[in-house]
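Chemist: Take a look at the following structure, please.
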Amino acid sequence: MSHLQNLLLDSLLGTKHVDSAALIRFQERSLSVATPGFSVMPSDVRTLVNGFAKNSLQARREGLYFKEKDYKCVRADDYSLYAKNENTGVVVVKTNLYLLVATYTEGMYPSVCVEATEKLGEYLRRKGN
């Protein structure tokens, strides 16, 4: 298991409020690492990368289609994208090299998922990743 995958498992899934997580290489638009059982299709990678390529107003207005679900965008800025679909959601944080993706499901606290994802994103940015 790689160092990056261990970070995802310990920092995110370890909270019990993140269902799955992945790191996407932003420039290459490719999956770097994901937690076991979490597959991110190339179309989903494009969707997330484009969420940051568009202006934030457009992302908020149009929402996000991820993992075959429509999500309502509740936050979109230069470094963060939060979207929800009923009781599930996706949190995306941009670092220097990656998009850090975390999902939560029903029964999990979105605020814990957001806080853990943002903190890991900040750590990766400080490390130059």
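Order determines the names: the first chain of the structure tokens is A, the second B, and so forth; residues in each chain are numbered 1 upward, and ligands are numbered 1 upward as they are shown.
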Report as a list in words all protein, DNA and RNA residues lying within 12 Å of Ser30 (chain A), evaluated on only C-alpha atoms, omitting residues in the same chain fewer than 3 positions from it.
Modeler: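 Non-adjacent residues within range: Ala22, Leu23, Ile24, Arg25, Phe26, Gln27, Val33, Ala34, Ser39, Val40, Met41, Pro42, Ser43, Asp44, Val45, Arg46, Thr47, Leu48, Val49, Leu97, Tyr98 and Leu99 of chain A.
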Chemist: List every residue of chain A that DSSP, applied to the backbone, labels as strand (DSSP E), and write the result as a PyMOL selection string.
Modeler: chain A and resi 20-25+30-34+64-66+69-76+80-85+88-94+98-104
Chemist: Which one is closest to Val18 (chain A): A:Asn96, A:Asn85, A:Ser80, A:Thr35? Count only C-alpha atoms.
Modeler: A:Thr35
Chemist: So that I can see what lies close to Leu57 (chain A), please list as an mmCIF file with C-alpha atoms, in the first residue's frame the residues with an atom at most 12 Å from it, counting only C-alpha atoms and leaving out residues fewer than 6 positions away in the same chain.
Modeler:
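What follows is the written file result.cif:
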data_model
loop_
_atom_site.group_PDB
_atom_site.id
_atom_site.type_symbol
_atom_site.label_atom_id
_atom_site.label_comp_id
_atom_site.auth_asym_id
_atom_site.auth_seq_id
_atom_site.Cartn_x
_atom_site.Cartn_y
_atom_site.Cartn_z
ATOM 1 C CA GLY A 51 -15.551 21.649 -12.016
ATOM 2 C CA GLY A 63 -24.213 21.220 -10.377
ATOM 3 C CA CYS A 73 -23.275 22.161 -5.818
ATOM 4 C CA VAL A 74 -23.309 23.869 -2.409
ATOM 5 C CA ARG A 75 -19.816 25.391 -2.560
ATOM 6 C CA ALA A 76 -17.465 26.094 -5.423
ATOM 7 C CA ASP A 77 -14.343 28.244 -5.260
ATOM 8 C CA ASP A 78 -10.704 28.071 -6.340
ATOM 9 C CA LEU A 81 -16.087 21.976 -4.423
#
Chemist: If you count only C-alpha atoms, which residues fall within 12 Å of Leu120 (chain A), apart from same-chain ones fewer than 6 positions away, as a ChimeraX atom specification?
Modeler: /A:4,6-13,21-23,91-95,98-102,113-114,126-127,129
Chemist: Work out how far apart CA of Arg60 (chain A) and CA of Tyr82 (chain A) are and give it in Å to one decimal.
Modeler: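 Atom-to-atom, CA of Arg60 (chain A) to CA of Tyr82 (chain A), that is 9.3 Å.
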Chemist: Would you mind reading off the distance between CA of Tyr104 (chain A) and CA of Asp19 (chain A), one decimal, in Å?
Modeler: 5.0 Å
Chemist: What does the distance between CA of Glu62 (chain A) and CA of Asn50 (chain A) come to in Å, to one decimal place?
Modeler: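 CA of Asn50 (chain A) lies 11.7 Å from CA of Glu62 (chain A).
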Chemist: Measuring between only C-alpha atoms, which one of A:Leu31, A:Met108, A:Ala83, A:Ala116 shows the shortest distance to Arg61 (chain A)?
Modeler: A:Ala83
Chemist: Between A:Arg29, A:Thr105, A:Ser56, A:Glu86, which residue has the minimum interatomic distance to Asp70 (chain A), considering only C-alpha atoms?
Modeler: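 Closest to Asp70 (chain A), using only C-alpha atoms: A:Glu86.
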Chemist: Let me make sure I understand: among A:Ser20, A:Tyr123, A:Glu28, A:Thr15, which one has the smallest atom-to-atom distance to Val90 (chain A) if we use only C-alpha atoms?
Modeler: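 Smallest separation from Val90 (chain A) among the options: A:Ser20.
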Chemist: Can you check which residues of chain A DSSP gives as helix (DSSP H, G or I) on the backbone and send them as number ranges by chain?
Modeler: A: 3-15, 42-53, 56-62, 110-126
